[in-house]
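Okay, query_23.cif now, which holds mmCIF, C-alpha atoms and all ligand atoms:
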data_final
loop_
_atom_site.label_atom_id
_atom_site.label_comp_id
_atom_site.auth_asym_id
_atom_site.auth_seq_id
_atom_site.Cartn_x
_atom_site.Cartn_y
_atom_site.Cartn_z
CA MET Q 1415 7.61 9.60 18.13
CA ALA Q 1416 10.81 8.43 19.70
CA PRO Q 1417 13.54 7.54 17.20
CA ILE Q 1418 14.23 3.87 16.65
CA ARG Q 1419 17.04 2.58 18.74
CA TRP Q 1420 19.18 0.77 16.20
CA SER Q 1421 21.26 -1.15 18.69
CA PRO Q 1422 19.51 -2.75 21.64
CA PRO Q 1423 20.47 -1.98 25.21
CA PRO Q 1424 23.20 -4.52 25.95
CA PRO Q 1425 21.65 -5.79 29.20
CA LEU Q 1426 18.45 -6.75 27.39
CA LEU Q 1427 20.37 -8.54 24.68
CA LEU Q 1428 22.43 -10.44 27.19
CA LEU Q 1429 19.34 -11.35 29.13
CA LEU Q 1430 17.68 -12.78 26.04
CA PHE Q 1431 20.74 -14.79 25.14
CA PHE Q 1432 20.86 -16.01 28.71
CA PHE Q 1433 17.27 -17.22 28.53
CA ALA Q 1434 17.91 -18.91 25.21
CA ALA Q 1435 20.99 -20.63 26.58
CA ALA Q 1436 19.30 -21.58 29.85
CA ALA Q 1437 16.52 -23.33 27.95
CA ALA Q 1438 18.95 -25.54 26.09
CA PRO Q 1439 20.93 -27.67 28.57
CA ALA Q 1440 19.12 -30.95 27.82
CA THR Q 1441 20.01 -30.72 24.15
CA ALA Q 1442 23.55 -29.59 24.71
CA THR Q 1443 24.43 -32.55 26.94
CA GLU Q 1444 23.03 -35.04 24.43
CA GLU Q 1445 25.39 -33.89 21.71
CA ASP Q 1446 28.82 -35.39 21.31
CA PRO Q 1447 31.22 -32.64 22.35
CA SER Q 1448 33.99 -34.06 20.15
CA ALA Q 1449 31.86 -33.54 17.02
CA PRO Q 1450 30.69 -29.93 17.11
CA THR Q 1451 28.05 -29.22 14.51
CA PRO Q 1452 27.64 -25.84 12.86
CA PRO Q 1453 24.71 -23.83 14.20
CA PRO Q 1454 21.44 -24.49 12.36
CA SER Q 1455 20.31 -22.11 9.63
CA PRO Q 1456 16.89 -20.48 9.55
CA THR Q 1457 14.34 -21.90 7.13
CA PRO Q 1458 13.53 -19.50 4.27
CA TRP Q 1459 9.95 -18.27 4.20
CA PRO Q 1460 7.62 -19.84 1.64
CA GLU Q 1461 6.98 -17.52 -1.30
CA ARG Q 1462 3.37 -17.20 -0.25
CA PHE Q 1463 1.74 -17.75 3.09
CA HIS Q 1464 -0.98 -16.65 5.43
CA ALA Q 1465 -0.25 -16.35 9.12
CA VAL Q 1466 -2.52 -15.41 11.98
CA MET Q 1467 -0.56 -13.74 14.73
CA PHE Q 1468 -1.31 -12.69 18.25
CA THR Q 1469 0.52 -9.41 18.85
CA ASN Q 1470 1.42 -7.81 22.15
CA LEU Q 1471 2.99 -4.37 22.32
CA THR Q 1472 4.58 -5.23 25.61
CA ASN Q 1473 5.70 -1.66 26.28
CA TYR Q 1474 2.35 -0.39 27.52
CA SER Q 1475 3.63 3.12 28.17
CA TYR Q 1476 4.58 3.39 24.50
CA ALA Q 1477 1.31 1.81 23.45
CA SER Q 1478 -0.82 4.11 25.53
CA THR Q 1479 -2.14 5.75 22.37
CA GLY Q 1480 -3.79 2.51 21.30
CA PRO Q 1481 -4.72 -0.93 22.57
CA PRO Q 1482 -1.62 -3.09 22.94
CA LEU Q 1483 -3.20 -6.41 22.03
CA ARG Q 1484 -3.98 -7.26 18.42
CA ILE Q 1485 -4.71 -10.11 16.09
CA THR Q 1486 -2.90 -9.72 12.80
CA ASP Q 1487 -3.56 -11.56 9.57
CA LEU Q 1488 -0.40 -11.50 7.50
CA TYR Q 1489 -0.61 -12.31 3.79
CA TYR Q 1490 2.87 -12.56 2.38
CA ASP Q 1491 3.00 -12.64 -1.42
CA TRP Q 1492 6.54 -12.55 -2.74
CA PRO Q 1493 5.72 -13.56 -6.35
CA ARG Q 1494 3.63 -10.40 -6.57
CA ARG Q 1495 6.03 -8.49 -4.36
CA ARG Q 1496 3.47 -7.40 -1.83
CA ASN Q 1497 2.60 -7.86 1.78
CA LEU Q 1498 -0.61 -7.20 3.70
CA ASN Q 1499 -1.21 -6.97 7.42
CA LEU Q 1500 -4.80 -6.84 8.62
CA VAL Q 1501 -4.54 -5.60 12.17
CA ARG Q 1502 -7.44 -5.94 14.58
CA HIS Q 1503 -7.12 -4.29 17.93
CA GLN Q 1504 -8.82 -5.97 20.81
CA LEU Q 1505 -12.60 -5.44 20.55
CA SER Q 1506 -12.19 -3.20 17.51
CA GLY Q 1507 -14.41 -3.20 14.44
CA ASP Q 1508 -12.87 -2.72 11.04
CA PRO Q 1509 -9.27 -3.79 10.76
CA LEU Q 1510 -6.35 -1.53 10.05
CA HIS Q 1511 -4.86 -2.38 6.67
CA ASP Q 1512 -1.14 -2.16 6.13
CA VAL Q 1513 -0.40 -2.79 2.46
CA GLU Q 1514 3.27 -2.82 1.48
CA TRP Q 1515 4.53 -2.68 -2.08
CA ASN Q 1516 7.95 -3.45 -3.44
CA ASN Q 1517 8.42 0.11 -4.70
CA GLY Q 1518 8.70 1.13 -1.04
CA THR Q 1519 5.19 2.55 -0.65
CA SER Q 1520 3.12 1.46 2.33
CA PHE Q 1521 -0.53 2.36 2.84
CA TYR Q 1522 -2.01 2.29 6.34
CA PHE Q 1523 -5.74 2.72 6.28
CA ASP Q 1524 -8.93 1.91 8.07
CA ASP Q 1525 -12.50 2.80 7.13
CA SER Q 1526 -11.98 6.53 7.66
CA SER Q 1527 -8.31 7.50 7.54
CA CYS Q 1528 -5.19 6.74 5.59
CA ARG Q 1529 -1.51 7.35 5.84
CA VAL Q 1530 1.09 6.78 3.14
CA GLU Q 1531 4.73 6.09 3.86
CA ARG Q 1532 7.59 5.67 1.43
CA PHE Q 1533 10.61 3.57 2.22
CA HIS Q 1534 13.80 3.09 0.26
CA VAL Q 1535 13.46 -0.70 0.33
CA GLY Q 1536 10.84 -3.14 -0.84
CA VAL Q 1537 9.09 -6.16 0.61
CA LEU Q 1538 11.04 -8.61 2.75
CA PRO Q 1539 12.43 -11.39 0.54
CA PRO Q 1540 11.86 -15.02 1.66
CA TRP Q 1541 15.56 -15.23 2.57
CA TRP Q 1542 15.60 -12.09 4.73
CA LEU Q 1543 16.77 -14.19 7.67
CA SER Q 1544 18.24 -17.30 6.07
CA GLY Q 1545 20.28 -15.34 3.54
CA GLY Q 1546 22.87 -14.19 6.05
CA GLY Q 1547 23.45 -12.09 9.12
CA ALA Q 1548 21.37 -14.18 11.53
CA GLU Q 1549 23.10 -15.02 14.79
CA TYR Q 1550 22.10 -18.30 16.37
CA ALA Q 1551 21.00 -17.82 19.96
CA GLY Q 1552 20.32 -21.47 20.83
CA ARG Q 1553 17.14 -23.34 21.60
CA ALA Q 1554 14.21 -22.15 23.63
CA VAL Q 1555 10.71 -23.33 24.38
CA ALA Q 1556 8.17 -20.74 23.20
CA GLY Q 1557 4.51 -21.38 23.88
CA GLY Q 1558 5.41 -24.98 24.66
CA ILE Q 1559 7.07 -25.41 21.24
CA GLU Q 1560 10.71 -26.39 20.97
CA CYS Q 1561 12.39 -23.70 18.87
CA HIS Q 1562 15.62 -22.54 17.37
CA VAL Q 1563 16.21 -18.84 18.03
CA TRP Q 1564 18.14 -16.33 15.96
CA GLY Q 1565 18.82 -12.67 16.41
CA LYS Q 1566 19.43 -10.30 13.54
CA ALA Q 1567 21.14 -6.94 13.53
CA GLY Q 1568 19.88 -6.01 16.98
CA PHE Q 1569 16.36 -5.64 15.53
CA ILE Q 1570 14.62 -8.90 16.16
CA PHE Q 1571 14.62 -12.30 17.77
CA TYR Q 1572 13.05 -14.98 15.62
CA TYR Q 1573 11.80 -18.38 16.82
CA GLU Q 1574 11.22 -21.31 14.50
CA GLU Q 1575 9.93 -24.77 15.37
CA VAL Q 1576 12.79 -27.27 15.52
CA ALA Q 1577 10.67 -30.12 14.14
CA THR Q 1578 9.12 -28.34 11.14
CA GLY Q 1579 10.93 -25.05 10.51
CA ARG Q 1580 7.65 -23.14 10.89
CA PRO Q 1581 7.86 -19.64 12.36
CA VAL Q 1582 6.59 -19.57 15.93
CA ARG Q 1583 7.32 -16.13 17.28
CA TRP Q 1584 9.30 -12.95 16.74
CA ASP Q 1585 10.18 -10.18 19.14
CA PHE Q 1586 11.21 -6.70 18.07
CA ILE Q 1587 14.03 -5.19 20.07
CA ASP Q 1588 12.78 -1.64 20.01
CA VAL Q 1589 10.76 0.85 22.00
CA THR Q 1590 7.43 -0.91 21.31
CA GLY Q 1591 8.59 -4.29 22.58
CA ILE Q 1592 6.32 -5.93 20.03
CA GLN Q 1593 6.01 -9.68 20.38
CA GLN Q 1594 4.20 -11.63 17.69
CA PHE Q 1595 3.12 -15.23 18.19
CA VAL Q 1596 2.22 -17.25 15.11
CA MET Q 1597 -1.08 -18.96 15.88
CA ARG Q 1598 -1.68 -20.36 12.40
CA PHE Q 1599 0.67 -20.78 9.48
CA GLU Q 1600 -0.59 -21.69 6.02
CA PRO Q 1601 2.15 -21.96 3.39
CA GLY Q 1602 0.97 -21.30 -0.15
CA LYS Q 1603 -2.22 -19.52 0.88
CA ALA Q 1604 -2.84 -16.27 -1.01
CA LEU Q 1605 -5.42 -13.54 -0.59
CA GLU Q 1606 -6.93 -13.02 -4.03
CA ASP Q 1607 -9.55 -10.45 -3.03
CA ASP Q 1608 -8.19 -7.34 -4.76
CA LYS Q 1609 -10.36 -5.07 -2.64
CA GLN Q 1610 -8.24 -5.97 0.38
CA TRP Q 1611 -5.04 -4.85 -1.37
CA GLN Q 1612 -6.37 -1.72 -3.02
CA ALA Q 1613 -5.82 1.45 -1.03
CA PRO Q 1614 -9.02 3.55 -0.95
CA ALA Q 1615 -9.41 6.81 -2.82
CA TYR Q 1616 -8.85 8.88 0.30
CA CYS Q 1617 -5.25 7.63 0.40
CA PHE Q 1618 -4.57 9.54 -2.83
CA MET Q 1619 -6.26 12.85 -2.08
CA ASP Q 1620 -3.42 15.02 -0.85
CA ASP Q 1621 -0.10 14.07 -2.34
CA ASP Q 1622 1.87 16.92 -0.80
CA ASP Q 1623 0.68 15.91 2.61
CA ASP Q 1624 1.58 12.30 1.96
CA GLU Q 1625 5.10 13.27 1.00
CA GLY Q 1626 5.51 15.11 4.26
CA LYS Q 1627 4.11 12.31 6.33
CA GLY Q 1628 6.21 9.79 4.48
CA LYS Q 1629 9.35 11.20 5.99
CA ARG Q 1630 10.83 9.03 8.67
CA ASN Q 1631 10.48 11.68 11.34
CA GLY Q 1632 6.84 12.42 10.63
CA ASP Q 1633 4.56 12.20 13.66
CA GLY Q 1634 1.87 10.13 11.96
CA GLU Q 1635 0.29 8.43 14.96
CA GLU Q 1636 -3.29 8.68 13.75
CA VAL Q 1637 -3.26 5.34 11.98
CA GLY Q 1638 -1.30 2.47 13.33
CA ASP Q 1639 -0.19 3.69 16.75
CA GLY Q 1640 3.01 1.81 17.20
CA PHE Q 1641 2.64 -0.80 14.51
CA GLU Q 1642 4.68 1.17 11.98
CA GLU Q 1643 7.68 0.89 14.25
CA ALA Q 1644 7.70 -2.81 13.55
CA ILE Q 1645 7.09 -2.24 9.86
CA ARG Q 1646 10.05 0.13 9.70
CA ILE Q 1647 12.24 -2.47 11.31
CA LEU Q 1648 11.12 -5.11 8.87
CA ARG Q 1649 11.72 -2.72 5.98
CA GLU Q 1650 15.22 -2.12 7.26
CA LEU Q 1651 15.74 -5.87 7.44
CA ALA Q 1652 14.51 -6.09 3.87
CA GLY Q 1653 17.12 -3.52 2.92
CA ALA Q 1654 19.81 -5.51 4.69
CA ALA Q 1655 18.69 -8.75 3.03
CA ALA Q 1656 18.66 -7.14 -0.39
CA THR Q 1657 22.27 -6.07 -0.07
CA SER Q 1658 23.64 -9.20 1.60
C1 LIG T 1701 1.59 -8.50 27.15
O1 LIG T 1701 2.87 -8.11 27.62
C2 LIG T 1701 2.89 -7.63 28.93
C3 LIG T 1701 4.29 -7.12 29.23
O2 LIG T 1701 5.25 -8.14 29.03
C4 LIG T 1701 2.48 -8.75 29.88
O3 LIG T 1701 2.48 -8.28 31.21
C5 LIG T 1701 1.09 -9.22 29.48
O4 LIG T 1701 0.73 -10.33 30.31
C6 LIG T 1701 1.03 -9.62 28.03
N1 LIG T 1701 -0.36 -9.89 27.70
C7 LIG T 1701 -0.74 -11.01 27.12
C8 LIG T 1701 -2.20 -11.18 26.90
O5 LIG T 1701 0.06 -11.87 26.76
C1 LIG T 1702 3.85 1.74 -5.64
O1 LIG T 1702 2.95 0.75 -6.09
C2 LIG T 1702 1.62 0.89 -5.61
C3 LIG T 1702 0.80 -0.30 -6.11
O2 LIG T 1702 0.94 -0.49 -7.48
C4 LIG T 1702 1.04 2.22 -6.09
O3 LIG T 1702 -0.27 2.41 -5.60
C5 LIG T 1702 1.94 3.35 -5.58
O4 LIG T 1702 1.48 4.58 -6.06
C6 LIG T 1702 3.37 3.13 -6.04
N1 LIG T 1702 4.23 4.15 -5.45
C7 LIG T 1702 5.06 4.89 -6.18
C8 LIG T 1702 5.88 5.88 -5.42
O5 LIG T 1702 5.13 4.79 -7.39
C1 LIG T 1703 8.72 2.23 26.52
O1 LIG T 1703 8.14 3.41 25.96
C2 LIG T 1703 8.53 4.60 26.62
C3 LIG T 1703 7.70 5.73 26.04
O2 LIG T 1703 7.82 5.81 24.65
C4 LIG T 1703 10.03 4.79 26.45
O3 LIG T 1703 10.46 5.97 27.10
C5 LIG T 1703 10.76 3.58 27.04
O4 LIG T 1703 12.14 3.68 26.78
C6 LIG T 1703 10.23 2.29 26.43
N1 LIG T 1703 10.82 1.13 27.08
C7 LIG T 1703 11.67 0.31 26.46
C8 LIG T 1703 12.14 -0.86 27.27
O5 LIG T 1703 12.04 0.48 25.31
#
In C-alpha cells, how does this file's structure come out?
Ligand SMILES: *[C@@H]1O[C@H](CO)[C@@H](O)[C@H](O)[C@H]1NC(C)=O
Ligand SMILES: *[C@@H]1O[C@H](CO)[C@@H](O)[C@H](O)[C@H]1NC(C)=O
Ligand SMILES: *[C@@H]1O[C@H](CO)[C@@H](O)[C@H](O)[C@H]1NC(C)=O
Amino acid sequence: MAPIRWSPPPPLLLLLFFFAAAAAPATATEEDPSAPTPPPSPTPWPERFHAVMFTNLTNYSYASTGPPLRITDLYYDWPRRRNLNLVRHQLSGDPLHDVEWNNGTSFYFDDSSCRVERFHVGVLPPWWLSGGGAEYAGRAVAGGIECHVWGKAGFIFYYEEVATGRPVRWDFIDVTGIQQFVMRFEPGKALEDDKQWQAPAYCFMDDDDDEGKGKRNGDGEEVGDGFEEAIRILRELAGAAATS
C-alpha cells in the first residue's frame, strides 16, 4: 500500500480553495466590507448520530482492488466511545463492518474474514473539527446545498450546511480521493444491537498475526480495500483533536 501523503499536493489544495472562493461571490458582496466578521466555526458533532453516506473512491486506479462506490452507515457513539461503519459495496451482499474502539483497536470484518488494527489514538471526539485547527475555506454549493467549507491539517475538506450546521460532505485529501456525501443525518440515533458491534470469534484467533497486521505498514488489503486509508486519516485527526 502506498504511504499516506501527509501534506496534499499544493496545486490540488489551491484548486479546492479556488473552487470554494469562486462559489462565494454573491455572499461576499452582500456583506459590509467595513465590518469584517470572523470566519464561522464548525458545528461540533452531536454525541450520538446515525448518518447514511454515499461514498466514492474517486481514484479508480487506487480502488481497482475493490468497487469504488459504497453506501456507508455510520453510527457514532461518543458516550460509549465507539464508532461503527457498515460499508456496503455496490451490489454486494453482507456489509463490511468497521468497529472502532477508544483504546485504539479497530476490527474490520465481513462474514468470512477479519482484520484487526491498533492505533495510538481513540475515537474522534465531537469537537475534532470545531475544537481548533480548522481553516475556513469559504462557502460552496455541494449537492445543491449551501455550505461552509473547512480544511484541516491537509487531510480533509469538510462541508456543513449553512442553514442548519448539518454535515453535508467530506473529502479526504489522500491517495484514495474518498468523497463522502451525507444522505441522511439523524442526531441522537444509536445502534443498540450489540451483535453489530461485537467482533466475531474469528477476529481473535491468531493474536500474533493480528499484531503484525496492526502495524501501519502492513499490507492488509483483504478486508476494506482502501477504506482503512480514510479511517487512518480520521484516527490521526482524532489524535490531533485530543492534543489541541
Ligand atoms: C466518482 O468519482 C469519479 C471521479 O471523480 C467520477 O468520474 C464519477 O462520476 C463519480 N461517480 C459517482 C457515481 O458519483
Ligand atoms: C479494545 O476494546 C475492545 C472492545 O472492548 C476489545 O475487544 C479489544 O480487545 C480492546 N483492545 C485492547 C488492545 O485492549
Ligand atoms: C491514485 O492511485 C494511484 C495508485 O495507487 C497513485 O499512484 C496516484 O498517485 C493516485 N492519485 C492521486 C491523485 O492521489
**Q.** Residues near range 1502-1504 of chain Q, cut-off 7 Å, all atoms listed in the file, skip fewer than 5 positions along chain, as a ChimeraX atom specification
**A.** /Q:1481,1483-1486,1509-1510
Counting only C-alpha atoms, which residues of range 1480-1577 of chain Q sit at most 12 Å from some atom of range 1584-1596 of chain Q, and what is each one's closest atom pair with its distance in Å to one decimal, listed by chain and rising residue number, as CSV?
residue,atom,partner,partner_atom,distance
Q:Gly1480,CA,Q:Thr1590,CA,11.7
Q:Pro1482,CA,Q:Ile1592,CA,8.9
Q:Leu1483,CA,Q:Ile1592,CA,9.7
Q:Arg1484,CA,Q:Gln1594,CA,9.3
Q:Ile1485,CA,Q:Gln1594,CA,9.2
Q:Thr1486,CA,Q:Gln1594,CA,8.8
Q:Asp1487,CA,Q:Val1596,CA,9.8
Q:Leu1488,CA,Q:Val1596,CA,9.9
Q:Val1501,CA,Q:Gln1594,CA,12.0
Q:Leu1543,CA,Q:Trp1584,CA,11.8
Q:Ala1556,CA,Q:Phe1595,CA,9.0
Q:Gly1557,CA,Q:Phe1595,CA,8.5
Q:Gly1558,CA,Q:Phe1595,CA,11.9
Q:Ile1559,CA,Q:Val1596,CA,11.3
Q:Cys1561,CA,Q:Trp1584,CA,11.4
Q:His1562,CA,Q:Trp1584,CA,11.5
Q:Val1563,CA,Q:Trp1584,CA,9.2
Q:Trp1564,CA,Q:Trp1584,CA,9.5
Q:Gly1565,CA,Q:Asp1585,CA,9.4
Q:Lys1566,CA,Q:Ile1587,CA,9.9
Q:Ala1567,CA,Q:Ile1587,CA,9.8
Q:Gly1568,CA,Q:Ile1587,CA,6.7
Q:Phe1569,CA,Q:Ile1587,CA,5.1
Q:Ile1570,CA,Q:Phe1586,CA,4.5
Q:Phe1571,CA,Q:Asp1585,CA,5.1
Q:Tyr1572,CA,Q:Trp1584,CA,4.4
Q:Tyr1573,CA,Q:Trp1584,CA,6.0
Q:Glu1574,CA,Q:Trp1584,CA,8.9
Q:Glu1575,CA,Q:Val1596,CA,10.8
Q.
Let me make sure I understand: among Q:Glu1514, Q:Glu1560, Q:Asp1491, Q:Asp1524, which one has the smallest atom-to-atom distance to Gly1536 in chain Q if we use only C-alpha atoms?
A. Q:Glu1514
If you take only C-alpha atoms and all ligand atoms and a cut-off of 8 Å, which residues of chain Q touch ligand LIG 1701 (chain T), and what are their nearest atom pairs and distances in Å to one decimal, in chain and number order, as CSV?
residue,atom,partner,partner_atom,distance
Q:Asn1470,CA,T:LIG1701,C1,5.1
Q:Leu1471,CA,T:LIG1701,O1,6.5
Q:Thr1472,CA,T:LIG1701,O1,3.9
Q:Asn1473,CA,T:LIG1701,C3,6.4
Q:Tyr1474,CA,T:LIG1701,C3,7.2
Q:Pro1482,CA,T:LIG1701,C1,7.6
Q:Leu1483,CA,T:LIG1701,C8,6.9
**Q.** All residues having an atom within 10 Å of ligand LIG 1702 (chain T) (only C-alpha atoms and all ligand atoms) as number ranges by chain
**A.** Q: 1495-1496, 1513-1521, 1530-1533, 1536, 1611-1614, 1617-1618, 1625
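Considering only C-alpha atoms and all ligand atoms, the residue among Q:Thr1457, Q:Thr1469, Q:Ser1475, Q:Thr1451 positioned nearest to ligand LIG 1703 (chain T) is Q:Ser1475.
Proximity ranking of Q:Met1467, Q:Pro1539, Q:Pro1581, Q:His1534 relative to Asn1497 in chain Q places Q:Pro1539 first, based on all atoms listed in the file.
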Box for ligand LIG 1703 (chain T) - axis-aligned, 5 Å on each of the six sides, all listed atoms - centre and size in Å to one decimal, as lines of an AutoDock Vina configuration file.
center_x = 9.9
center_y = 2.6
center_z = 26.0
size_x = 14.4
size_y = 16.8
size_z = 12.6
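Near Asp1525 in chain Q, within a cut-off of 8 Å and counting only C-alpha atoms, sit the residues Asp1508, Phe1523 and Ser1527 of chain Q, with same-chain residues fewer than 2 positions away left out.
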Expected file: the selected residues, C-alpha atoms, as a compact mmCIF listing (two decimals), in the frame of the given file:
# COMPACT_ATOMS: atom_id res chain seq x y z
CA ASP Q 1508 -12.87 -2.72 11.04
CA PHE Q 1523 -5.74 2.72 6.28
CA SER Q 1527 -8.31 7.50 7.54
